[in-house]
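Dumped final00.tsv below, it's TSV, C-alpha atoms and all ligand atoms:
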```tsv
chain	number	residue	atom	x	y	z
A	169	MET	CA	-4.71	12.51	0.53
A	170	SER	CA	-3.75	14.87	3.35
A	171	GLU	CA	-5.74	17.69	1.74
A	172	LEU	CA	-8.86	15.63	2.42
A	173	ALA	CA	-8.28	15.30	6.14
A	174	HIS	CA	-10.89	17.93	6.95
A	175	GLY	CA	-14.24	18.84	5.49
A	176	THR	CA	-16.54	16.94	3.20
A	177	LEU	CA	-14.08	14.23	2.13
A	178	ALA	CA	-12.74	13.41	5.58
A	179	GLY	CA	-14.21	9.93	5.12
A	180	LEU	CA	-11.73	9.19	2.32
A	181	ALA	CA	-8.86	10.39	4.50
A	182	GLU	CA	-10.03	8.16	7.38
A	183	ILE	CA	-9.68	5.02	5.24
A	184	ASP	CA	-6.56	6.20	3.41
A	185	ASP	CA	-4.30	3.68	5.15
A	186	THR	CA	-6.71	0.74	5.09
A	187	GLY	CA	-5.72	-2.05	2.74
A	188	ARG	CA	-2.68	-0.40	1.22
A	189	ASP	CA	-0.78	-2.92	-0.87
A	190	ALA	CA	2.97	-2.35	-0.55
A	191	ARG	CA	3.81	-4.95	-3.19
A	192	ARG	CA	1.37	-3.94	-5.94
A	193	GLY	CA	0.90	-0.28	-5.00
A	194	GLY	CA	-2.55	1.17	-4.34
A	195	TYR	CA	-5.12	-0.80	-2.37
A	196	SER	CA	-6.11	-4.46	-2.15
A	197	ARG	CA	-9.38	-4.65	-0.25
A	198	HIS	CA	-11.06	-7.98	-0.76
A	199	LEU	CA	-14.29	-9.40	0.61
A	200	TRP	CA	-14.15	-10.35	4.30
A	201	GLN	CA	-10.37	-10.14	4.45
A	202	ASN	CA	-8.77	-7.82	7.01
A	203	ALA	CA	-8.99	-4.56	5.04
A	204	ASP	CA	-12.61	-5.20	4.05
A	205	LEU	CA	-13.55	-6.06	7.63
A	206	GLU	CA	-11.89	-2.83	8.81
A	207	LEU	CA	-13.77	-0.84	6.17
A	208	ARG	CA	-17.05	-2.44	7.20
A	209	ALA	CA	-16.41	-1.49	10.83
A	210	TRP	CA	-15.45	2.03	9.73
A	211	PHE	CA	-18.71	2.32	7.74
A	212	ALA	CA	-20.83	1.12	10.68
A	213	GLU	CA	-19.14	3.60	13.00
A	214	ARG	CA	-19.47	6.46	10.50
A	215	ALA	CA	-23.12	5.71	9.79
A	216	GLY	CA	-23.77	5.29	13.51
A	217	ARG	CA	-22.42	8.78	14.12
A	218	LEU	CA	-25.21	10.05	11.81
A	219	GLY	CA	-27.77	8.06	13.78
A	220	LEU	CA	-28.32	5.62	10.91
A	221	GLY	CA	-29.37	2.06	11.74
A	222	VAL	CA	-26.84	-0.35	10.22
A	223	GLU	CA	-27.74	-3.90	9.17
A	224	THR	CA	-25.97	-6.60	7.19
A	225	ASP	CA	-28.28	-8.41	4.77
A	226	ARG	CA	-28.22	-12.14	3.99
A	227	ASN	CA	-25.52	-11.59	1.35
A	228	GLY	CA	-23.14	-9.38	3.28
A	229	ASN	CA	-24.32	-6.05	1.85
A	230	LEU	CA	-24.41	-3.24	4.42
A	231	TRP	CA	-27.46	-0.98	4.73
A	232	ALA	CA	-27.52	2.17	6.87
A	233	TRP	CA	-31.07	3.44	7.34
A	234	TRP	CA	-32.05	7.02	7.99
A	235	GLY	CA	-35.34	6.36	9.74
A	236	GLU	CA	-37.36	3.19	9.31
A	237	PRO	CA	-36.36	0.76	6.53
A	238	GLY	CA	-38.33	0.81	3.20
A	239	PRO	CA	-40.58	0.41	1.25
A	240	ASP	CA	-40.11	2.85	-1.65
A	241	ALA	CA	-36.80	3.96	-0.17
A	242	VAL	CA	-34.31	6.18	-1.94
A	243	VAL	CA	-31.07	4.26	-1.59
A	244	THR	CA	-27.60	5.50	-2.49
A	245	GLY	CA	-24.15	3.98	-2.16
A	246	SER	CA	-21.46	1.97	-3.88
A	247	HIS	CA	-18.76	-0.47	-2.68
A	248	LEU	CA	-15.65	-0.49	-0.50
A	249	ASP	CA	-13.77	-3.46	-1.99
A	250	SER	CA	-11.13	-2.93	-4.67
A	251	VAL	CA	-9.33	-4.66	-7.49
A	252	PRO	CA	-5.83	-5.93	-6.60
A	253	GLY	CA	-3.67	-2.79	-6.42
A	254	GLY	CA	-6.63	-0.48	-7.09
A	255	GLY	CA	-7.18	3.23	-6.61
A	256	ALA	CA	-8.67	5.15	-3.71
A	257	TYR	CA	-11.87	6.34	-5.43
A	258	ASP	CA	-13.50	3.41	-7.27
A	259	GLY	CA	-16.23	2.52	-4.79
A	260	PRO	CA	-15.28	4.50	-1.66
A	261	LEU	CA	-16.05	7.85	-3.31
A	262	GLY	CA	-19.70	6.77	-3.73
A	263	VAL	CA	-19.96	5.57	-0.13
A	264	VAL	CA	-18.30	8.65	1.38
A	265	SER	CA	-20.38	10.95	-0.84
A	266	ALA	CA	-23.61	9.18	0.18
A	267	LEU	CA	-22.80	9.56	3.89
A	268	GLU	CA	-21.83	13.19	3.37
A	269	ALA	CA	-25.00	13.99	1.43
A	270	VAL	CA	-27.12	12.50	4.23
A	271	ALA	CA	-25.08	14.42	6.84
A	272	ARG	CA	-25.68	17.68	4.99
A	273	LEU	CA	-29.43	17.04	4.72
A	274	GLN	CA	-29.57	16.28	8.42
A	275	ALA	CA	-27.55	19.37	9.31
A	276	SER	CA	-29.93	21.56	7.31
A	277	GLY	CA	-32.89	20.23	9.28
A	278	PHE	CA	-34.36	18.42	6.26
A	279	THR	CA	-36.97	15.80	7.10
A	280	PRO	CA	-37.32	13.03	4.50
A	281	SER	CA	-40.81	12.01	3.46
A	282	ARG	CA	-39.57	8.62	2.16
A	283	PRO	CA	-37.22	6.09	3.73
A	284	CYS	CA	-33.56	6.57	2.84
A	285	ALA	CA	-30.54	4.30	3.11
A	286	VAL	CA	-26.84	4.22	2.30
A	287	LEU	CA	-25.92	0.85	0.79
A	288	VAL	CA	-22.48	-0.78	0.53
A	289	PHE	CA	-22.34	-3.74	-1.83
A	290	ALA	CA	-20.14	-6.76	-1.15
A	291	GLU	CA	-17.45	-7.96	-3.61
A	292	GLU	CA	-18.25	-5.52	-6.43
A	293	GLU	CA	-14.93	-6.16	-8.13
A	294	GLY	CA	-15.06	-9.93	-7.92
A	295	SER	CA	-11.43	-9.85	-6.84
A	296	ARG	CA	-11.73	-12.63	-4.29
A	297	PHE	CA	-14.39	-14.97	-5.73
A	298	GLY	CA	-14.20	-14.08	-9.44
A	299	ILE	CA	-17.73	-12.76	-10.03
A	300	ALA	CA	-18.06	-8.97	-10.27
A	301	CYS	CA	-21.05	-7.33	-8.54
A	302	LEU	CA	-21.53	-10.47	-6.46
A	303	GLY	CA	-23.47	-8.72	-3.67
A	304	SER	CA	-25.97	-7.11	-6.04
A	305	ARG	CA	-26.28	-10.29	-8.12
A	306	LEU	CA	-27.04	-12.30	-4.99
A	307	LEU	CA	-29.53	-9.70	-3.73
A	308	THR	CA	-31.42	-9.64	-7.04
A	309	GLY	CA	-31.19	-13.39	-7.74
A	310	GLY	CA	-28.80	-12.71	-10.63
A	311	ILE	CA	-26.60	-15.65	-9.63
A	312	ASP	CA	-27.71	-19.08	-8.49
A	313	ALA	CA	-27.14	-19.39	-4.74
A	314	ASP	CA	-25.67	-22.92	-4.96
A	315	ARG	CA	-23.20	-21.79	-7.59
A	316	ALA	CA	-22.26	-18.77	-5.46
A	317	ARG	CA	-21.76	-20.88	-2.31
A	318	ALA	CA	-19.33	-23.11	-4.23
A	319	LEU	CA	-17.16	-20.26	-5.57
A	320	VAL	CA	-13.58	-20.56	-4.29
A	321	ASP	CA	-10.91	-17.96	-3.65
A	322	ALA	CA	-7.20	-18.29	-4.48
A	323	ASP	CA	-6.66	-20.30	-1.26
A	324	GLY	CA	-9.46	-22.76	-2.05
A	325	ILE	CA	-11.83	-21.28	0.57
A	326	THR	CA	-15.44	-21.41	-0.57
A	327	LEU	CA	-17.75	-18.44	-0.44
A	328	ALA	CA	-19.94	-20.50	1.89
A	329	ASP	CA	-17.10	-21.04	4.38
A	330	SER	CA	-15.95	-17.49	4.08
A	331	ALA	CA	-19.50	-16.19	4.68
A	332	ARG	CA	-19.81	-18.42	7.76
A	333	ARG	CA	-16.53	-17.06	9.16
A	334	ALA	CA	-17.89	-13.54	8.56
A	335	GLY	CA	-20.93	-14.38	10.67
A	336	LEU	CA	-23.43	-15.03	7.86
A	337	GLU	CA	-25.55	-18.15	7.42
A	338	PRO	CA	-24.41	-19.67	4.08
A	339	ALA	CA	-27.81	-21.33	3.58
A	340	HIS	CA	-29.36	-17.86	3.49
A	341	LEU	CA	-27.15	-16.55	0.66
A	342	GLY	CA	-29.12	-15.77	-2.48
A	343	ALA	CA	-32.09	-13.80	-3.78
A	344	ASP	CA	-33.49	-11.54	-1.08
A	345	PRO	CA	-36.78	-10.18	-2.45
A	346	ASN	CA	-37.78	-8.62	0.86
A	347	ALA	CA	-34.59	-6.57	1.08
A	348	LEU	CA	-34.77	-5.66	-2.60
A	349	ALA	CA	-38.44	-4.63	-2.39
A	350	ARG	CA	-37.48	-1.82	-0.01
A	351	ILE	CA	-35.64	0.02	-2.80
A	352	GLY	CA	-37.79	2.52	-4.67
A	353	LEU	CA	-34.80	4.08	-6.42
A	354	PHE	CA	-31.04	3.46	-6.32
A	355	ILE	CA	-28.37	6.07	-7.11
A	356	GLU	CA	-24.66	5.20	-7.29
A	357	LEU	CA	-22.13	8.02	-7.44
A	358	HIS	CA	-18.79	6.88	-8.92
A	359	VAL	CA	-15.49	8.30	-10.10
A	360	GLU	CA	-15.51	8.32	-13.90
A	361	GLN	CA	-13.40	5.52	-15.38
A	362	GLY	CA	-12.47	7.32	-18.56
A	363	ARG	CA	-12.00	10.81	-19.96
A	364	GLY	CA	-15.53	11.76	-20.98
A	365	LEU	CA	-15.87	14.57	-18.44
A	366	VAL	CA	-12.30	15.78	-18.97
A	367	ASP	CA	-12.98	16.13	-22.69
A	368	LEU	CA	-16.27	17.96	-22.05
A	369	GLY	CA	-14.77	20.21	-19.36
A	370	ARG	CA	-17.52	19.33	-16.86
A	371	PRO	CA	-17.21	17.99	-13.28
A	372	VAL	CA	-20.28	15.75	-13.07
A	373	ALA	CA	-22.34	13.57	-15.43
A	374	VAL	CA	-25.31	11.23	-15.30
A	375	ALA	CA	-24.68	7.72	-16.69
A	376	SER	CA	-26.52	6.71	-19.85
A	377	SER	CA	-25.40	3.10	-20.47
A	378	ILE	CA	-22.92	0.33	-19.65
A	379	LEU	CA	-21.24	-1.93	-22.22
A	380	ALA	CA	-22.23	-5.60	-22.24
A	381	HIS	CA	-19.42	-7.50	-20.53
A	382	GLY	CA	-18.35	-10.80	-19.09
A	383	ARG	CA	-15.50	-12.98	-17.91
A	384	TRP	CA	-14.29	-16.23	-19.43
A	385	ARG	CA	-11.62	-18.68	-18.33
A	386	LEU	CA	-9.30	-19.98	-21.06
A	387	THR	CA	-7.60	-23.18	-19.92
A	388	VAL	CA	-4.65	-24.03	-22.14
A	389	THR	CA	-3.38	-27.58	-21.76
A	390	GLY	CA	0.03	-28.86	-22.87
A	391	GLN	CA	2.69	-31.24	-21.55
A	392	GLY	CA	4.47	-30.50	-18.28
A	393	ASN	CA	8.16	-31.43	-18.41
A	394	HIS	CA	11.74	-30.66	-17.32
A	395	ALA	CA	13.08	-27.24	-18.41
A	396	GLY	CA	16.60	-28.58	-18.89
A	397	ALA	CA	16.03	-32.07	-20.17
A	398	THR	CA	13.38	-31.32	-22.79
A	399	PRO	CA	14.67	-30.24	-26.25
A	400	MET	CA	13.00	-27.16	-27.72
A	401	PRO	CA	11.57	-28.89	-30.81
A	402	GLY	CA	8.42	-30.81	-29.96
A	403	ARG	CA	7.66	-29.08	-26.67
A	404	ARG	CA	3.98	-28.57	-25.88
A	405	ASP	CA	4.41	-25.53	-23.66
A	406	PRO	CA	1.00	-24.07	-22.69
A	407	LEU	CA	2.48	-20.79	-21.51
A	408	VAL	CA	3.96	-20.07	-24.93
A	409	ALA	CA	0.62	-21.14	-26.41
A	410	ALA	CA	-1.23	-18.83	-24.00
A	411	ALA	CA	1.00	-15.95	-25.10
A	412	ARG	CA	-0.11	-16.54	-28.70
A	413	ALA	CA	-3.74	-16.73	-27.56
A	414	ILE	CA	-3.41	-13.42	-25.69
A	415	VAL	CA	-2.14	-11.72	-28.83
A	416	ALA	CA	-5.17	-13.20	-30.62
A	417	VAL	CA	-7.42	-11.67	-27.92
A	418	GLN	CA	-5.94	-8.24	-28.55
A	419	ASP	CA	-6.23	-8.60	-32.33
A	420	ALA	CA	-9.85	-9.74	-32.12
A	421	ALA	CA	-10.82	-6.65	-30.10
A	422	LEU	CA	-8.88	-4.37	-32.47
A	423	ASN	CA	-10.95	-5.86	-35.30
A	424	HIS	CA	-14.27	-5.15	-33.48
A	425	PRO	CA	-14.52	-1.33	-33.22
A	426	GLY	CA	-15.87	-0.19	-29.85
A	427	SER	CA	-15.04	-3.46	-28.12
A	428	ARG	CA	-12.45	-4.22	-25.44
A	429	ALA	CA	-10.81	-7.52	-24.57
A	430	THR	CA	-8.24	-8.03	-21.85
A	431	VAL	CA	-6.30	-10.84	-20.22
A	432	GLY	CA	-5.18	-9.42	-16.88
A	433	ARG	CA	-4.68	-12.57	-14.87
A	434	LEU	CA	-2.82	-15.82	-15.48
A	435	GLU	CA	-2.33	-18.91	-13.37
A	436	VAL	CA	0.54	-21.12	-14.47
A	437	VAL	CA	0.31	-24.74	-13.30
A	438	PRO	CA	2.42	-25.88	-11.55
A	439	GLY	CA	4.45	-22.63	-11.80
A	440	GLY	CA	8.13	-23.50	-11.33
A	441	THR	CA	11.12	-21.69	-12.88
A	442	ASN	CA	12.63	-24.97	-14.07
A	443	VAL	CA	9.32	-26.55	-15.06
A	444	ILE	CA	7.57	-26.44	-18.44
A	445	ALA	CA	3.96	-25.79	-17.36
A	446	SER	CA	1.32	-28.45	-17.84
A	447	SER	CA	-1.55	-25.98	-18.09
A	448	VAL	CA	-2.31	-22.28	-17.93
A	449	HIS	CA	-5.51	-20.52	-16.90
A	450	ALA	CA	-5.98	-17.12	-18.54
A	451	TRP	CA	-8.95	-14.97	-17.57
A	452	LEU	CA	-10.56	-12.97	-20.37
A	453	ASP	CA	-12.58	-9.80	-19.74
A	454	ALA	CA	-14.52	-8.88	-22.90
A	455	ARG	CA	-16.90	-5.97	-23.50
A	456	ALA	CA	-18.75	-4.45	-26.45
A	457	PRO	CA	-21.63	-2.05	-27.12
A	458	SER	CA	-24.30	-4.75	-27.51
A	459	ASP	CA	-24.92	-8.27	-26.24
A	460	SER	CA	-24.64	-9.73	-29.75
A	461	GLU	CA	-21.39	-7.90	-30.52
A	462	THR	CA	-19.90	-9.12	-27.25
A	463	ARG	CA	-20.98	-12.70	-27.98
A	464	ALA	CA	-19.53	-12.44	-31.49
A	465	LEU	CA	-16.27	-11.03	-30.12
A	466	VAL	CA	-15.88	-13.93	-27.69
A	467	ALA	CA	-16.81	-16.52	-30.32
A	468	GLY	CA	-14.11	-15.03	-32.57
A	469	ILE	CA	-11.60	-15.09	-29.72
A	470	GLU	CA	-12.35	-18.75	-29.02
A	471	GLU	CA	-11.80	-19.70	-32.65
A	472	ALA	CA	-8.59	-17.68	-32.87
A	473	ALA	CA	-7.30	-19.06	-29.56
A	474	ILE	CA	-7.84	-22.67	-30.68
A	475	ALA	CA	-5.76	-21.99	-33.80
A	476	ALA	CA	-3.11	-20.04	-31.85
A	477	VAL	CA	-2.44	-22.70	-29.20
A	478	ALA	CA	-2.39	-25.49	-31.79
A	479	VAL	CA	0.91	-24.02	-33.08
A	480	ASN	CA	2.44	-25.29	-29.81
A	481	GLY	CA	0.59	-28.61	-29.83
A	482	CYS	CA	-1.78	-27.42	-27.08
A	483	SER	CA	-5.55	-27.31	-26.65
A	484	VAL	CA	-7.76	-24.65	-25.07
A	485	ALA	CA	-11.15	-24.85	-23.32
A	486	VAL	CA	-13.22	-21.68	-22.86
A	487	THR	CA	-15.63	-21.45	-19.90
A	488	GLU	CA	-17.97	-18.54	-19.22
A	489	GLU	CA	-17.73	-17.37	-15.60
A	490	SER	CA	-20.01	-14.32	-15.67
A	491	TRP	CA	-22.15	-12.28	-18.03
A	492	THR	CA	-23.87	-8.89	-17.83
A	493	GLY	CA	-25.92	-7.68	-20.78
A	494	THR	CA	-25.91	-4.09	-22.02
A	495	VAL	CA	-27.47	-1.72	-19.50
A	496	THR	CA	-29.39	1.29	-20.75
A	497	PHE	CA	-30.34	3.47	-17.80
A	498	ASP	CA	-33.99	4.60	-17.96
A	499	PRO	CA	-33.88	7.60	-20.35
A	500	ASP	CA	-36.76	9.31	-18.49
A	501	LEU	CA	-34.87	9.08	-15.20
A	502	VAL	CA	-31.65	10.26	-16.87
A	503	GLY	CA	-33.52	13.21	-18.37
A	504	ARG	CA	-35.21	14.11	-15.09
A	505	PHE	CA	-31.94	13.95	-13.14
A	506	ARG	CA	-30.15	16.10	-15.72
A	507	ALA	CA	-32.97	18.65	-15.56
A	508	VAL	CA	-32.77	18.80	-11.75
A	509	LEU	CA	-28.97	19.17	-11.90
A	510	GLY	CA	-28.70	21.84	-14.57
A	511	GLY	CA	-29.73	20.41	-17.95
A	512	SER	CA	-27.10	20.48	-20.68
A	513	ARG	CA	-24.37	21.46	-18.20
A	514	VAL	CA	-24.63	17.89	-16.87
A	515	PRO	CA	-23.89	15.49	-19.73
A	516	ALA	CA	-25.16	11.93	-20.03
A	517	LEU	CA	-22.20	9.60	-20.55
A	518	PRO	CA	-21.83	5.90	-21.37
A	519	THR	CA	-19.25	3.76	-19.60
A	520	GLY	CA	-17.32	0.58	-20.22
A	521	ALA	CA	-17.15	-0.22	-16.50
A	522	GLY	CA	-19.61	-2.48	-14.71
A	523	HIS	CA	-21.47	-1.33	-11.60
A	524	ASP	CA	-23.93	-2.60	-9.00
A	525	ALA	CA	-26.32	0.09	-10.27
A	526	GLY	CA	-26.24	-1.70	-13.62
A	527	VAL	CA	-27.19	-5.00	-11.99
A	528	LEU	CA	-29.93	-3.35	-9.94
A	529	ALA	CA	-31.32	-1.57	-13.01
A	530	ALA	CA	-32.94	-4.83	-14.13
A	531	SER	CA	-35.00	-4.92	-10.90
A	532	VAL	CA	-35.48	-1.36	-9.62
A	533	PRO	CA	-35.17	2.18	-11.06
A	534	SER	CA	-31.45	2.96	-10.93
A	535	ALA	CA	-29.16	5.78	-11.95
A	536	MET	CA	-25.54	6.86	-11.65
A	537	LEU	CA	-23.56	10.06	-11.22
A	538	PHE	CA	-19.98	10.26	-12.50
A	539	VAL	CA	-17.30	12.56	-11.09
A	540	ARG	CA	-14.49	13.77	-13.37
A	541	ASN	CA	-11.23	11.84	-13.23
A	542	PRO	CA	-8.43	13.99	-14.68
A	543	THR	CA	-6.14	11.03	-15.30
A	544	GLY	CA	-8.87	9.05	-17.04
A	545	VAL	CA	-7.19	6.08	-15.32
A	546	SER	CA	-8.96	3.61	-13.05
A	547	HIS	CA	-8.26	0.19	-11.48
A	548	SER	CA	-4.82	1.64	-10.81
A	549	PRO	CA	-3.23	3.77	-8.08
A	550	GLU	CA	-3.26	6.65	-10.60
A	551	GLU	CA	-7.05	6.89	-10.40
A	552	PHE	CA	-7.86	10.40	-9.16
A	553	ALA	CA	-10.48	13.09	-8.64
A	554	GLU	CA	-9.93	16.69	-7.57
A	555	VAL	CA	-11.48	17.70	-4.24
A	556	ALA	CA	-13.56	20.41	-5.98
A	557	ASP	CA	-15.03	17.83	-8.37
A	558	CYS	CA	-15.78	15.41	-5.53
A	559	VAL	CA	-17.59	18.26	-3.77
A	560	ALA	CA	-19.53	18.97	-6.99
A	561	GLY	CA	-20.52	15.29	-6.99
A	562	ILE	CA	-21.75	15.50	-3.40
A	563	ASP	CA	-23.64	18.71	-4.25
A	564	ALA	CA	-25.35	16.87	-7.12
A	565	LEU	CA	-26.20	13.86	-4.97
A	566	GLU	CA	-27.55	16.08	-2.20
A	567	THR	CA	-29.67	17.98	-4.74
A	568	LEU	CA	-31.11	14.73	-6.09
A	569	LEU	CA	-31.83	13.34	-2.62
A	570	ARG	CA	-33.51	16.60	-1.63
A	571	SER	CA	-35.73	16.43	-4.73
A	572	LEU	CA	-36.58	12.75	-4.19
A	573	LEU	CA	-37.01	12.57	-0.43
A	601	LIG	O1	-14.91	-4.48	-13.81
A	601	LIG	C1	-15.69	-3.54	-13.79
A	601	LIG	O2	-16.13	-3.04	-14.80
A	601	LIG	C2	-16.07	-2.91	-12.50
A	601	LIG	O3	-15.20	-1.90	-12.19
A	601	LIG	N1	-16.25	-3.84	-11.45
A	602	MN	MN	-13.95	-1.09	-10.36
A	603	MN	MN	-16.68	0.61	-8.77
```

As structure tokens, what does this structure read like?
Amino acid sequence: MSELAHGTLAGLAEIDDTGRDARRGGYSRHLWQNADLELRAWFAERAGRLGLGVETDRNGNLWAWWGEPGPDAVVTGSHLDSVPGGGAYDGPLGVVSALEAVARLQASGFTPSRPCAVLVFAEEEGSRFGIACLGSRLLTGGIDADRARALVDADGITLADSARRAGLEPAHLGADPNALARIGLFIELHVEQGRGLVDLGRPVAVASSILAHGRWRLTVTGQGNHAGATPMPGRRDPLVAAARAIVAVQDAALNHPGSRATVGRLEVVPGGTNVIASSVHAWLDARAPSDSETRALVAGIEEAAIAAVAVNGCSVAVTEESWTGTVTFDPDLVGRFRAVLGGSRVPALPTGAGHDAGVLAASVPSAMLFVRNPTGVSHSPEEFAEVADCVAGIDALETLLRSLL
């Protein structure tokens, strides 16, 4: 990222070393762990340099205000946390672009007629506590506060304890209508997580919709035993059963055109080389164009998984951990933004990736800008955007802010 060291994307270069994951590759930046704390401090310092007033809300989201806070504010931003071994752009590009757009407006002598803020959401990826878009769900009341407080990370630390260690009051986690009411409009700029813009030969798009999606835990239970002393016939090995269930997940999605289903994380209990596992947790991420199709996909997966694990004498329990219905961004807003940015030269594109803007859309007018990703790859170190396209994204965001403020 050395080519970014100067100019409009210097912010990305400044955080280039933060949270690098030598084992997985890419970045692992998880809520309130060292890398995330460093990124939060970096954001406060960066925003402070622009004269923005930085506050942390009750749920750990960071707001940097240009002038007095709300109401009817135009708010823009994204997130700084990552998936395990993630790329450099998913989240940070939206934060850096928001700061840069504000810096440009300030440098041009522009005086906003509405409040404006840059917003950084906490735990967008759900990589530490399992629920994606946790900060925006908490802000909007989209998750019950008691349930959120009880979420545990891989080390058994609760969100409540973790929040306390980060200086928040756990009793105050949850819906924050006063903070939310300050937002008149939210815009999230994001690297595209797909090849829509590559195929169209355009650098920037406005988002049209987000697939319905959710996460489910499949717990496969068998019989733990000795790897050497237990004959192969009659074993009830839940890891072999889980492997069959995972193939069933893939087949179910292949049979539902337009849907996606993934198992990207397993926990083998107890997890010894010479131990037949007693149980396996497999996390399912399932997505489809409508709520009903997604529900039908998961119902089909559950049925197929029950049959698949029975081959190995095992059982499976399916528990829903999170759900986000289909998001259709306000077509009027999409149309207006496209008109401001150049009409048909700026396509409207759907996405299969979830975003805080999608969660906010249920409560406040919300929109997204996508920046071309030539690899089409995301949630991987190969995620990429050319400097020129990132600059085009900042140009678009600045244009929108100028027209709205
Ligand atoms: O998982 C998602 O879709 C998002 O990137 N958090
Ligand atoms: Mn992501
Ligand atoms: Mn993201």

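Based on all atoms listed in the file, the protein and nucleic acid residues found within 6 Å of ligand LIG 601 (chain A) are, by chain and then by number, Glu292, Glu293, Ala300, Ala521, Gly522 and His523 of chain A.
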
Subject >> Expected selection as a PyMOL selection string for ligand MN 603 (chain A) within 10 Å, all atoms listed in the file >> reply: chain A and resi 246-251+257-262+289+292-293+300-301+356-361+521-525+546-547

**OP:** Please provide the set of residues having any atom within 12 Å of Asn346 (chain A), restricted to only C-alpha atoms, with same-chain residues fewer than 5 positions apart removed, written as a list of chain:residue names.
**Re:** A:Asp225, A:Arg226, A:Pro237, A:Gly238, A:Pro239, A:Asp240, A:Leu307, A:Thr308, A:Gly309, A:Ile351

Original post:
Between A:Thr176, A:Thr326, A:Thr519, A:Thr224, which one has atoms that come closest to Val270 (chain A), using only C-alpha atoms?
Top reply: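 Closest candidate: A:Thr176.
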
Subject >> Selection near Thr543 (chain A), 12 Å with all atoms listed in the file, sequence-local residues under 2 positions removed, as a list in words >> reply: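 These residues fall inside the cut-off: Gly255, Val359, Glu360, Gln361, Gly362, Arg363, Gly364, Leu365, Val366, Asp367, Arg540, Asn541, Val545, Ser546, His547, Ser548, Pro549, Glu550, Glu551, Phe552, Ala553 and Glu554 of chain A.
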
**OP:** Show which residues sit within 12 Å of Ala343 (chain A), as a list in words. Count only C-alpha atoms, and ignore same-chain residues fewer than 2 positions away.
**Re:**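 The neighbour list is Asp225, Arg226, Asn227, Leu302, Gly303, Ser304, Arg305, Leu306, Leu307, Thr308, Gly309, Gly310, Ile311, Asp312, Ala313, Asp314, Ala316, Ala339, His340, Leu341, Pro345, Asn346, Ala347, Leu348, Ala349 and Ser531 of chain A.
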
Original post:
What is the CA of Asp557 (chain A) to CA of Ser571 (chain A) distance in Å?
Top reply: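 Those two atoms sit 21.1 Å apart.
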
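CA of Trp200 (chain A) is positioned 18.6 Å from CA of Gly245 (chain A).
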
Original post:
Excluding same-chain residues fewer than 2 positions from Arg404 (chain A), what lies within 8 Å of it counting all atoms listed in the file, as a list of chain:residue names?
Top reply: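 So, after excluding close chain neighbours, the residues are A:Gly390, A:Gln391, A:Gly392, A:Gly402, A:Pro406, A:Asn480, A:Gly481, A:Cys482.
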
Write to file, as a short mmCIF file (atom, residue, chain, number, x, y, z; two decimals), keeping the file's coordinate frame, the residues of the selection just made, with C-alpha atoms.
```cif
data_model
loop_
_atom_site.label_atom_id
_atom_site.label_comp_id
_atom_site.auth_asym_id
_atom_site.auth_seq_id
_atom_site.Cartn_x
_atom_site.Cartn_y
_atom_site.Cartn_z
CA GLY A 390 0.03 -28.86 -22.87
CA GLN A 391 2.69 -31.24 -21.55
CA GLY A 392 4.47 -30.50 -18.28
CA GLY A 402 8.42 -30.81 -29.96
CA PRO A 406 1.00 -24.07 -22.69
CA ASN A 480 2.44 -25.29 -29.81
CA GLY A 481 0.59 -28.61 -29.83
CA CYS A 482 -1.78 -27.42 -27.08
#
```

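Here CA of Val466 (chain A) is placed at a distance of 17.2 Å from CA of Ala411 (chain A).
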
**OP:** Enumerate, as an NGL selection string, the protein, DNA and RNA residues whose atoms approach (-11.5, -14.4, -25.5) to within 10 Å, taking into account only C-alpha atoms and the coordinate frame of the file.
**Re:** :A and (383-386 or 413-414 or 416-418 or 420-421 or 429-431 or 450-454 or 463 or 465-473 or 486-488)

Subject >> Pick from A:Val374, A:Leu199, A:Ala331, A:Ile355, whichever lies nearest to Ser512 (chain A) using only C-alpha atoms >> reply: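 Closest candidate: A:Val374.
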
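Using only C-alpha atoms, the smallest distance between any of A:Ala375, A:Glu461, A:Ala556, A:Leu220 and Gly526 (chain A) comes from A:Ala375.
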
**OP:** List the neighbours of Trp234 (chain A) out to 7 Å using all atoms listed in the file; skip same-chain residues closer than 4 positions along the sequence, and give me the result as a list in words.
**Re:**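 With the cut-off at 7 Å, the set is Leu220, Gly221, Pro283, Cys284 and Ala285 of chain A.
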
Write a file of the just-selected residues containing C-alpha atoms, as a compact mmCIF listing (two decimals), keeping the file's coordinate frame.
```
# COMPACT_ATOMS: atom_id res chain seq x y z
CA LEU A 220 -28.32 5.62 10.91
CA GLY A 221 -29.37 2.06 11.74
CA PRO A 283 -37.22 6.09 3.73
CA CYS A 284 -33.56 6.57 2.84
CA ALA A 285 -30.54 4.30 3.11
```

**OP:** Compare A:Pro457, A:Pro252, A:Pro371, A:Pro338 by their minimum atom-to-atom distance to ligand MN 602 (chain A), counting all atoms listed in the file, and give me the closest one.
**Re:** A:Pro252

**OP:** Counting all atoms listed in the file, find the residues whose atoms lie at most 12 Å from (-30.1, 16.5, -2.8) (file coordinates) and write them out as JSON, numbers by chain.
**Re:** {"A": [242, 244, 265, 266, 268, 269, 270, 271, 272, 273, 274, 276, 278, 280, 284, 355, 505, 508, 509, 560, 561, 562, 563, 564, 565, 566, 567, 568, 569, 570, 571, 572, 573]}

**OP:** Choose the residue, out of A:Val443, A:Leu368, A:Ala476, A:Leu353, that has the smallest atom-to-atom separation from Met536 (chain A); count only C-alpha atoms.
**Re:**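 Among the listed residues, the smallest separation from Met536 (chain A) belongs to A:Leu353.
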